[in-house]
>>> print(open('final.csv').read())   # CSV, C-alpha atoms
chain,number,residue,atom,x,y,z
X,609,MET,CA,139.1,89.6,115.6
X,610,GLU,CA,137.1,91.0,118.5
X,611,THR,CA,134.3,93.5,118.1
X,612,TYR,CA,132.7,95.6,120.8
X,613,GLU,CA,129.9,98.1,120.9
X,614,PHE,CA,130.1,101.4,122.6
X,615,GLU,CA,127.7,104.3,123.3
X,616,GLY,CA,128.1,108.0,123.9
X,617,LYS,CA,126.3,111.3,123.7
X,618,ASN,CA,127.5,111.6,120.1
X,619,ASP,CA,129.8,109.5,117.9
X,620,GLN,CA,132.9,111.4,119.0
X,621,ASP,CA,132.0,110.7,122.6
X,622,ALA,CA,131.4,107.0,121.8
X,623,ILE,CA,134.8,106.7,120.2
X,624,GLU,CA,136.4,108.3,123.2
X,625,ASN,CA,134.6,105.8,125.4
X,626,ALA,CA,135.9,103.0,123.3
X,627,CYS,CA,139.4,104.2,123.5
X,628,ARG,CA,139.2,104.5,127.2
X,629,GLN,CA,137.7,101.1,127.8
X,630,LEU,CA,139.9,99.2,125.4
X,631,ASN,CA,143.0,101.1,126.3
X,632,LEU,CA,143.7,101.7,122.6
X,633,THR,CA,144.1,104.7,120.3
X,634,LYS,CA,141.7,105.5,117.6
X,635,ASP,CA,143.9,104.1,114.8
X,636,GLN,CA,144.2,100.7,116.5
X,637,MET,CA,140.6,99.9,115.8
X,638,ASP,CA,138.1,100.0,113.0
X,639,ILE,CA,135.2,102.2,113.9
X,640,VAL,CA,131.8,101.8,112.4
X,641,ILE,CA,129.0,104.2,113.5
X,642,LEU,CA,125.8,102.2,113.9
X,643,GLU,CA,123.7,105.1,115.1
X,644,PRO,CA,124.8,108.6,114.8
X,645,GLY,CA,122.8,109.6,117.9
X,646,SER,CA,120.0,112.1,117.7
X,647,ALA,CA,118.5,114.8,120.0
X,648,GLY,CA,115.5,113.3,121.7
X,649,ILE,CA,113.7,110.2,120.7
X,650,PHE,CA,110.2,110.6,122.0
X,651,GLY,CA,111.3,114.1,123.0
X,652,LEU,CA,113.2,112.6,125.9
X,653,VAL,CA,115.9,114.7,127.5
X,654,GLY,CA,119.3,113.5,126.4
X,655,GLY,CA,118.0,111.9,123.3
X,656,ARG,CA,119.2,108.7,121.6
X,657,LYS,CA,122.7,107.8,122.3
X,658,ALA,CA,125.2,107.3,119.5
X,659,LYS,CA,126.3,103.8,119.0
X,660,ILE,CA,129.5,102.6,117.4
X,661,LYS,CA,131.0,99.2,116.6
X,662,VAL,CA,134.6,98.7,117.2
X,663,THR,CA,136.8,96.0,115.7
X,664,ILE,CA,140.3,95.7,117.1
X,665,LYS,CA,142.8,95.6,114.3
X,666,SER,CA,145.3,92.8,114.5
X,667,LYS,CA,148.5,93.5,116.4
X,668,GLU,CA,150.3,94.9,113.3
X,669,PRO,CA,149.6,98.5,114.0
X,670,GLU,CA,151.6,98.5,117.1
X,671,PRO,CA,155.1,98.4,115.5
X,672,VAL,CA,153.8,101.1,113.1
X,673,GLU,CA,153.1,103.2,116.1
X,674,GLU,CA,156.6,102.8,117.4
X,675,ILE,CA,158.0,104.1,114.2
X,676,ALA,CA,155.4,106.8,114.2
X,677,GLU,CA,156.8,108.2,117.3
X,678,GLU,CA,159.3,110.1,115.3
X,679,LYS,CA,156.6,111.7,113.3
X,680,PRO,CA,153.6,113.0,115.2
X,681,PRO,CA,150.8,110.4,115.1
X,682,ALA,CA,148.1,113.0,115.2
X,683,PRO,CA,147.8,113.6,111.4
X,684,LYS,CA,147.5,109.9,110.9
X,685,ALA,CA,144.7,109.6,113.4
X,686,ALA,CA,142.7,112.5,112.2
X,687,PRO,CA,142.0,111.3,108.6
X,688,LYS,CA,141.1,107.8,110.0
X,689,ALA,CA,138.4,109.2,112.2
X,690,MET,CA,137.1,111.4,109.4
X,691,ALA,CA,137.0,108.4,107.1
X,692,ALA,CA,135.0,106.4,109.6
X,693,ALA,CA,132.2,108.9,109.6
X,694,PRO,CA,130.7,108.6,106.1
X,695,GLU,CA,131.4,104.8,106.1
X,696,PRO,CA,128.3,103.4,108.1
X,697,ALA,CA,126.0,103.8,105.1
X,698,ASP,CA,127.4,100.7,103.3
X,699,VAL,CA,127.8,98.7,106.5
X,700,ALA,CA,124.4,99.6,107.8
X,701,THR,CA,122.7,98.1,104.8
X,702,ASP,CA,124.3,94.8,105.6
X,703,VAL,CA,122.4,94.8,108.9
X,704,ALA,CA,118.9,93.5,108.4
X,705,PRO,CA,116.3,95.2,110.7
X,706,ASN,CA,115.6,91.9,112.5
X,707,ASP,CA,119.1,90.6,112.8
X,708,PRO,CA,120.1,89.4,116.3
X,709,GLU,CA,122.6,92.2,116.8
X,710,ASN,CA,119.9,94.7,116.3
X,711,GLU,CA,117.5,93.0,118.6
X,712,ILE,CA,120.2,92.9,121.3
X,713,ALA,CA,120.9,96.6,120.7
X,714,ILE,CA,117.2,97.6,121.1
X,715,ALA,CA,116.8,95.6,124.3
X,716,LYS,CA,120.1,96.8,125.7
X,717,GLU,CA,119.2,100.4,124.9
X,718,ALA,CA,115.8,100.2,126.6
X,719,LEU,CA,117.3,98.7,129.7
X,720,GLU,CA,120.2,101.2,129.8
X,721,ASN,CA,117.8,104.1,129.4
X,722,ILE,CA,115.7,102.9,132.3
X,723,LEU,CA,118.7,102.2,134.5
X,724,ALA,CA,120.1,105.7,133.7
X,725,LEU,CA,116.9,107.3,134.9
X,726,ILE,CA,116.8,105.3,138.2
X,727,PRO,CA,119.7,106.5,138.3
X,728,MET,CA,122.2,103.7,138.6
X,729,GLU,CA,125.9,104.5,138.4
X,730,GLY,CA,128.8,102.2,137.5
X,731,ILE,CA,126.5,99.7,135.8
X,732,THR,CA,127.3,97.9,132.6
X,733,VAL,CA,124.8,95.9,130.5
X,734,THR,CA,126.0,93.1,128.3
X,735,GLY,CA,123.8,91.3,125.8
X,736,LYS,CA,123.9,88.0,124.0
X,737,ILE,CA,121.6,85.6,122.3
X,738,ALA,CA,121.1,82.2,124.0
X,739,ASP,CA,118.5,79.6,123.4
X,740,GLY,CA,116.7,81.9,121.0
X,741,SER,CA,116.2,84.6,123.6
X,742,ILE,CA,118.0,87.9,124.2
X,743,ASN,CA,119.9,87.6,127.5
X,744,LEU,CA,120.9,90.9,129.1
X,745,ASP,CA,123.2,90.8,132.1
X,746,ILE,CA,123.5,93.7,134.5
X,747,GLU,CA,126.8,94.1,136.2
X,748,GLY,CA,127.7,96.3,139.0
X,749,ASP,CA,124.6,96.4,141.2
X,750,LYS,CA,126.2,95.4,144.5
X,751,THR,CA,123.3,96.4,146.7
X,752,GLY,CA,120.8,94.1,144.9
X,753,LEU,CA,118.5,97.0,144.4
X,754,LEU,CA,117.7,95.9,140.9
X,755,ILE,CA,116.9,92.4,142.0
X,756,GLY,CA,114.5,93.3,144.7
X,757,ARG,CA,112.7,91.0,147.0
X,758,LYS,CA,112.4,87.5,145.4
X,759,GLY,CA,113.6,89.1,142.2
X,760,LYS,CA,110.6,91.4,141.9
X,761,THR,CA,112.4,94.4,140.5
X,762,LEU,CA,114.4,92.2,138.1
X,763,ASP,CA,111.1,90.6,136.8
X,764,ALA,CA,109.5,94.0,136.5
X,765,LEU,CA,112.4,95.3,134.5
X,766,GLN,CA,112.4,92.2,132.3
X,767,PHE,CA,108.6,92.5,131.7
X,768,ILE,CA,108.9,96.2,130.7
X,769,VAL,CA,111.9,95.7,128.5
X,770,ASN,CA,110.1,92.7,126.8
X,771,LYS,CA,107.2,94.9,126.1
X,772,ILE,CA,109.4,97.7,124.6
X,773,VAL,CA,111.3,95.3,122.5
X,774,ASN,CA,108.2,93.5,121.1
X,775,LYS,CA,106.6,96.8,120.4
X,776,THR,CA,109.7,98.1,118.6
X,777,LEU,CA,110.3,94.9,116.6
X,778,GLU,CA,106.7,94.0,116.1
X,779,LYS,CA,107.9,90.4,116.4
X,780,ARG,CA,107.9,88.1,119.3
X,781,SER,CA,111.2,87.8,121.0
X,782,ARG,CA,112.0,87.1,124.6
X,783,VAL,CA,114.3,89.1,126.7
X,784,ILE,CA,115.8,87.6,129.9
X,785,ILE,CA,117.4,90.0,132.3
X,786,ASP,CA,119.9,88.8,134.9
X,787,SER,CA,122.0,90.5,137.6
X,788,GLU,CA,124.6,89.1,139.9
X,789,ASN,CA,123.7,85.6,138.6
X,790,TYR,CA,120.3,85.8,140.3
X,791,ARG,CA,118.4,83.7,137.8
X,792,LEU,CA,120.7,80.7,138.4
X,793,ARG,CA,120.7,81.1,142.2
X,794,ARG,CA,116.9,81.3,142.1
X,795,GLN,CA,116.6,78.2,140.0
X,796,GLU,CA,118.9,76.2,142.3
X,797,PHE,CA,116.9,77.4,145.3
X,798,LEU,CA,113.6,76.4,143.7
X,799,VAL,CA,114.8,73.0,142.7
X,800,GLN,CA,116.0,72.3,146.3
X,801,MET,CA,112.7,73.6,147.7
X,802,ALA,CA,110.7,71.4,145.2
X,803,LEU,CA,112.7,68.3,146.2
X,804,LYS,CA,112.2,69.0,149.9
X,805,MET,CA,108.5,69.5,149.5
X,806,GLY,CA,108.3,66.4,147.4
X,807,ASP,CA,109.9,64.4,150.2
X,808,LYS,CA,107.5,65.9,152.7
X,809,ALA,CA,104.5,65.1,150.5
X,810,LYS,CA,105.6,61.5,150.3
X,811,LYS,CA,106.2,61.2,154.0
X,812,ILE,CA,102.9,62.7,155.1
X,813,LYS,CA,101.0,61.2,152.1
X,814,ARG,CA,99.2,64.5,151.6
X,815,PRO,CA,99.5,67.2,149.0
X,816,VAL,CA,101.9,70.0,149.8
X,817,ALA,CA,101.6,73.5,148.2
X,818,THR,CA,104.3,76.1,147.5
X,819,ASN,CA,104.0,79.8,147.9
X,820,LEU,CA,102.5,81.9,145.1
X,821,LEU,CA,105.0,81.7,142.2
X,822,ASN,CA,105.2,83.3,138.8
X,823,PRO,CA,105.0,81.2,135.7
X,824,HIS,CA,108.7,80.9,135.2
X,825,ASP,CA,109.3,79.8,138.8
X,826,ARG,CA,106.4,77.3,138.6
X,827,ARG,CA,107.9,75.8,135.5
X,828,ILE,CA,111.1,75.1,137.4
X,829,VAL,CA,109.2,73.4,140.2
X,830,HIS,CA,107.2,71.2,137.7
X,831,LEU,CA,110.3,70.2,135.9
X,832,ALA,CA,112.2,69.4,139.0
X,833,LEU,CA,109.6,66.8,140.0
X,834,ARG,CA,108.7,65.6,136.5
X,835,ASP,CA,110.8,62.5,136.7
X,836,ASP,CA,109.5,61.4,140.1
X,837,ASP,CA,106.9,58.7,139.5
X,838,GLU,CA,105.6,59.0,143.0
X,839,LEU,CA,104.7,62.6,142.7
X,840,GLY,CA,102.4,64.7,140.6
X,841,THR,CA,102.3,68.5,140.3
X,842,LYS,CA,99.5,70.8,139.6
X,843,GLY,CA,99.0,74.6,139.4
X,844,LYS,CA,96.4,76.1,141.7
X,845,GLY,CA,95.0,79.6,141.8
X,846,ASP,CA,94.0,82.4,139.6
X,847,GLY,CA,96.0,85.1,137.9
X,848,ILE,CA,99.6,85.3,137.1
X,849,LEU,CA,100.8,84.0,140.5
X,850,LYS,CA,99.8,80.5,141.3
X,851,LYS,CA,100.7,77.9,143.8
X,852,VAL,CA,102.1,74.5,142.8
X,853,VAL,CA,100.5,71.6,144.6
X,854,ILE,CA,102.7,68.6,144.9
X,855,ILE,CA,100.6,65.5,145.2
X,856,PRO,CA,101.8,62.1,146.2
X,857,ARG,CA,100.4,59.4,143.9
X,858,LYS,CA,98.8,56.3,145.3
X,859,GLN,CA,101.3,53.7,144.5
X,860,SER,CA,99.1,51.1,142.8
X,861,GLY,CA,96.7,53.5,141.1
X,862,SER,CA,99.4,55.5,139.5
X,863,ARG,CA,101.2,52.4,138.1
X,864,ALA,CA,97.9,51.2,136.6
X,865,SER,CA,97.0,54.5,135.0
X,866,ARG,CA,100.6,54.8,133.7
X,867,ALA,CA,100.5,51.4,132.1
X,868,GLN,CA,97.5,52.2,130.0
M,302,MET,CA,111.3,109.9,139.0
M,303,LYS,CA,109.2,111.8,136.6
M,304,GLU,CA,111.5,111.1,133.7
M,305,LEU,CA,111.6,107.4,134.6
M,306,VAL,CA,107.8,107.0,134.4
M,307,SER,CA,107.6,109.2,131.4
M,308,TYR,CA,110.2,107.2,129.5
M,309,ILE,CA,108.6,103.9,130.2
M,310,ALA,CA,105.1,105.1,129.4
M,311,LYS,CA,106.2,106.7,126.2
M,312,ALA,CA,108.0,103.5,125.1
M,313,LEU,CA,104.8,101.5,125.6
M,314,VAL,CA,102.1,103.6,124.1
M,315,ASP,CA,101.1,104.3,120.5
M,316,LYS,CA,100.8,108.1,121.1
M,317,PRO,CA,103.9,109.1,123.1
M,318,GLU,CA,103.1,112.7,122.5
M,319,ASP,CA,100.0,112.4,124.7
M,320,VAL,CA,101.9,111.1,127.7
M,321,VAL,CA,101.9,113.6,130.6
M,322,VAL,CA,103.4,113.0,134.0
M,323,THR,CA,102.9,115.4,136.8
M,324,GLU,CA,104.8,115.1,140.1
M,325,ILE,CA,103.2,116.2,143.3
M,326,GLU,CA,106.0,116.3,145.8
M,327,GLY,CA,105.5,115.7,149.4
M,328,GLU,CA,108.0,115.6,152.3
M,329,GLN,CA,108.3,111.9,152.2
M,330,THR,CA,106.1,110.7,149.5
M,331,SER,CA,105.6,112.1,146.1
M,332,VAL,CA,102.7,111.2,143.9
M,333,LEU,CA,103.2,110.8,140.2
M,334,GLU,CA,100.2,111.2,138.0
M,335,LEU,CA,100.4,109.5,134.6
M,336,LYS,CA,98.0,110.6,131.9
M,337,VAL,CA,97.9,108.9,128.5
M,338,ALA,CA,95.7,108.9,125.5
M,339,LYS,CA,92.4,107.1,126.1
M,340,GLU,CA,93.2,104.3,123.7
M,341,ASP,CA,96.6,103.8,125.3
M,342,LEU,CA,95.2,103.3,128.8
M,343,GLY,CA,95.2,99.6,128.5
M,344,LYS,CA,98.8,99.6,127.4
M,345,VAL,CA,100.1,101.2,130.5
M,346,ILE,CA,97.8,99.1,132.8
M,347,GLY,CA,98.3,95.8,131.1
M,348,LYS,CA,96.6,92.4,131.5
M,349,GLN,CA,95.4,92.2,135.1
M,350,GLY,CA,97.3,95.4,135.8
M,351,ARG,CA,100.6,93.7,135.2
M,352,THR,CA,102.3,96.6,133.3
M,353,ALA,CA,101.1,99.1,135.9
M,354,ARG,CA,102.5,96.8,138.7
M,355,ALA,CA,105.8,96.4,136.9
M,356,MET,CA,106.1,100.2,136.6
M,357,ARG,CA,105.3,100.7,140.2
M,358,THR,CA,107.9,98.1,141.2
M,359,ILE,CA,110.6,99.8,139.2
M,360,LEU,CA,109.5,103.2,140.6
M,361,SER,CA,109.7,102.0,144.1
M,362,ALA,CA,113.2,100.6,143.6
M,363,ALA,CA,114.2,103.9,142.1
M,364,SER,CA,112.7,105.8,145.0
M,365,THR,CA,114.4,103.6,147.6
M,366,LYS,CA,117.7,104.7,146.1
M,367,ILE,CA,117.0,108.3,147.1
M,368,ASN,CA,115.3,107.3,150.3
M,369,LYS,CA,111.8,108.5,149.3
M,370,ARG,CA,108.5,106.9,148.5
M,371,SER,CA,106.6,107.4,145.2
M,372,VAL,CA,103.1,106.5,144.3
M,373,LEU,CA,102.1,106.0,140.7
M,374,GLU,CA,98.6,107.0,139.8
M,375,ILE,CA,97.2,106.4,136.4
M,376,ILE,CA,94.6,109.1,135.6
M,377,GLU,CA,91.8,108.3,133.2
>>> encode(input="final.csv", output="structure tokens")
Amino acid sequence: METYEFEGKNDQDAIENACRQLNLTKDQMDIVILEPGSAGIFGLVGGRKAKIKVTIKSKEPEPVEEIAEEKPPAPKAAPKAMAAAPEPADVATDVAPNDPENEIAIAKEALENILALIPMEGITVTGKIADGSINLDIEGDKTGLLIGRKGKTLDALQFIVNKIVNKTLEKRSRVIIDSENYRLRRQEFLVQMALKMGDKAKKIKRPVATNLLNPHDRRIVHLALRDDDELGTKGKGDGILKKVVIIPRKQSGSRASRAQ
Amino acid sequence: MKELVSYIAKALVDKPEDVVVTEIEGEQTSVLELKVAKEDLGKVIGKQGRTARAMRTILSAASTKINKRSVLEIIE
């Protein structure tokens, strides 16, 4: 069974959103209200969005609907929706405050709130947990505005959302934000650059330095050259941005030091 | 723009009720002044000004969208 999360101004709005996006009627899904939505967290205009979880019922309801055509389906739908409202209490208790779903929800909400204020239209954020970190993917930014030059804007968003999530959860968790597959593209670019610079260092037998890179990008460069015995890498500089110096090892010396 | 800075700042500080953002609009450039509680100053600036820089980056992206420029000033 597939489950989805939807948001809206209030729970009714969220349910409507769900119906529209999944192309289903209310009685074809099980609706659980995760957050009823409130007027103004931090006194912010618009307040906290209502959040619902929707599970699509197995295909059985469809034939039921065909029969229901004779009778108006409306009275059937109404009590279902009503019944959904008082339900969350017992479901909500199942969800521990630090469960992954909740972490994703917090991160997603923070990012969505920021994007809504930029304001970005036609943007969807999807969240999942991978390698122990919360991965958020922004879809629909065709202009690359949210990526920025060398991923500057994307990194800024990631940094702020990380701060918000860690403050809310009071627990260390990492959020990675991606848009238009930028992270993978950047990694491929950096690996290619590292290999090219490594070749250059070997050829001219002198150290070669990269541009100023952030810790994540530096790590990619270090890892790309880690298996090359003829090269060593070192960070150089102060602050968050540093250069990576790629140093060709003296053939005999490095072998000797390695043997020990 | 004002709401954007205000939302981010309020989400980062311990005293969101003390966050005040004033916007001084110019023809091309508008200046946003962010005031927070004294003990929260470090939270909006961050280690080596990293948080402030991230806020400015997001702000400039948002400003680009409406073809304007915005400057974020953090007021002590």
>>> interface_residues(input="final.csv", of="chain X", to="chain M", cutoff="8 Å", atoms="all atoms listed in the file", output="VMD selection string")
chain X and resid 650 652 722 725 to 727 753 to 754 756 760 to 761 763 to 765 767 to 768 771 to 772 775 847
>>> residues_around(input="final.csv", residues="range 326-342 of chain M", least_positions_apart="5", cutoff="6 Å", atoms="all atoms listed in the file", output="PDB file with C-alpha atoms, in the frame of the given file")
ATOM      1  CA  VAL M 314     102.100 103.600 124.100  1.00  0.00           C
ATOM      2  CA  ASP M 319     100.000 112.400 124.700  1.00  0.00           C
ATOM      3  CA  VAL M 320     101.900 111.100 127.700  1.00  0.00           C
ATOM      4  CA  VAL M 321     101.900 113.600 130.600  1.00  0.00           C
ATOM      5  CA  LYS M 369     111.800 108.500 149.300  1.00  0.00           C
ATOM      6  CA  ARG M 370     108.500 106.900 148.500  1.00  0.00           C
ATOM      7  CA  SER M 371     106.600 107.400 145.200  1.00  0.00           C
ATOM      8  CA  VAL M 372     103.100 106.500 144.300  1.00  0.00           C
ATOM      9  CA  LEU M 373     102.100 106.000 140.700  1.00  0.00           C
ATOM     10  CA  GLU M 374      98.600 107.000 139.800  1.00  0.00           C
ATOM     11  CA  ILE M 375      97.200 106.400 136.400  1.00  0.00           C
ATOM     12  CA  ILE M 376      94.600 109.100 135.600  1.00  0.00           C
TER      13      ILE M 376
END
>>> atom_distance(input="final.csv", atom1="CA of Leu821 in chain X", atom2="CA of Glu711 in chain X")
29.0 Å
>>> closest_residue(input="final.csv", among="X:Gly748, X:Arg793, X:Val769, X:Asp807", to="Ser781 in chain X", atoms="all atoms listed in the file")
X:Val769
>>> residues_around(input="final.csv", residues="Leu744 in chain X", least_positions_apart="6", cutoff="10 Å", atoms="only C-alpha atoms", output="list of chain:residue names")
X:Ile712, X:Ala715, X:Lys716, X:Leu719, X:Val733, X:Thr734, X:Gly735, X:Lys736, X:Ile737, X:Gln766, X:Val783, X:Ile784, X:Ile785, X:Asp786, X:Ser787
>>> atom_distance(input="final.csv", atom1="CA of Lys810 in chain X", atom2="CA of Asp836 in chain X")
10.9 Å
>>> atom_distance(input="final.csv", atom1="CA of Glu615 in chain X", atom2="CA of Glu747 in chain X")
16.5 Å
>>> residues_near_point(input="final.csv", point="(109.2, 76.7, 139.9)", cutoff="12 Å", atoms="only C-alpha atoms", output="PDB file with C-alpha atoms, in the frame of the given file")
ATOM      1  CA  ARG X 791     118.400  83.700 137.800  1.00  0.00           C
ATOM      2  CA  ARG X 794     116.900  81.300 142.100  1.00  0.00           C
ATOM      3  CA  GLN X 795     116.600  78.200 140.000  1.00  0.00           C
ATOM      4  CA  GLU X 796     118.900  76.200 142.300  1.00  0.00           C
ATOM      5  CA  PHE X 797     116.900  77.400 145.300  1.00  0.00           C
ATOM      6  CA  LEU X 798     113.600  76.400 143.700  1.00  0.00           C
ATOM      7  CA  VAL X 799     114.800  73.000 142.700  1.00  0.00           C
ATOM      8  CA  GLN X 800     116.000  72.300 146.300  1.00  0.00           C
ATOM      9  CA  MET X 801     112.700  73.600 147.700  1.00  0.00           C
ATOM     10  CA  ALA X 802     110.700  71.400 145.200  1.00  0.00           C
ATOM     11  CA  LEU X 803     112.700  68.300 146.200  1.00  0.00           C
ATOM     12  CA  ALA X 817     101.600  73.500 148.200  1.00  0.00           C
ATOM     13  CA  THR X 818     104.300  76.100 147.500  1.00  0.00           C
ATOM     14  CA  ASN X 819     104.000  79.800 147.900  1.00  0.00           C
ATOM     15  CA  LEU X 820     102.500  81.900 145.100  1.00  0.00           C
ATOM     16  CA  LEU X 821     105.000  81.700 142.200  1.00  0.00           C
ATOM     17  CA  ASN X 822     105.200  83.300 138.800  1.00  0.00           C
ATOM     18  CA  PRO X 823     105.000  81.200 135.700  1.00  0.00           C
ATOM     19  CA  HIS X 824     108.700  80.900 135.200  1.00  0.00           C
ATOM     20  CA  ASP X 825     109.300  79.800 138.800  1.00  0.00           C
ATOM     21  CA  ARG X 826     106.400  77.300 138.600  1.00  0.00           C
ATOM     22  CA  ARG X 827     107.900  75.800 135.500  1.00  0.00           C
ATOM     23  CA  ILE X 828     111.100  75.100 137.400  1.00  0.00           C
ATOM     24  CA  VAL X 829     109.200  73.400 140.200  1.00  0.00           C
ATOM     25  CA  HIS X 830     107.200  71.200 137.700  1.00  0.00           C
ATOM     26  CA  LEU X 831     110.300  70.200 135.900  1.00  0.00           C
ATOM     27  CA  ALA X 832     112.200  69.400 139.000  1.00  0.00           C
ATOM     28  CA  LEU X 833     109.600  66.800 140.000  1.00  0.00           C
ATOM     29  CA  ARG X 834     108.700  65.600 136.500  1.00  0.00           C
ATOM     30  CA  THR X 841     102.300  68.500 140.300  1.00  0.00           C
ATOM     31  CA  LYS X 842      99.500  70.800 139.600  1.00  0.00           C
ATOM     32  CA  GLY X 843      99.000  74.600 139.400  1.00  0.00           C
ATOM     33  CA  LEU X 849     100.800  84.000 140.500  1.00  0.00           C
ATOM     34  CA  LYS X 850      99.800  80.500 141.300  1.00  0.00           C
ATOM     35  CA  LYS X 851     100.700  77.900 143.800  1.00  0.00           C
ATOM     36  CA  VAL X 852     102.100  74.500 142.800  1.00  0.00           C
ATOM     37  CA  VAL X 853     100.500  71.600 144.600  1.00  0.00           C
ATOM     38  CA  ILE X 854     102.700  68.600 144.900  1.00  0.00           C
TER      39      ILE X 854
END
>>> closest_residue(input="final.csv", among="X:Arg782, X:Thr663, X:Ile731, X:Leu777", to="Leu632 in chain X", atoms="all atoms listed in the file")
X:Thr663
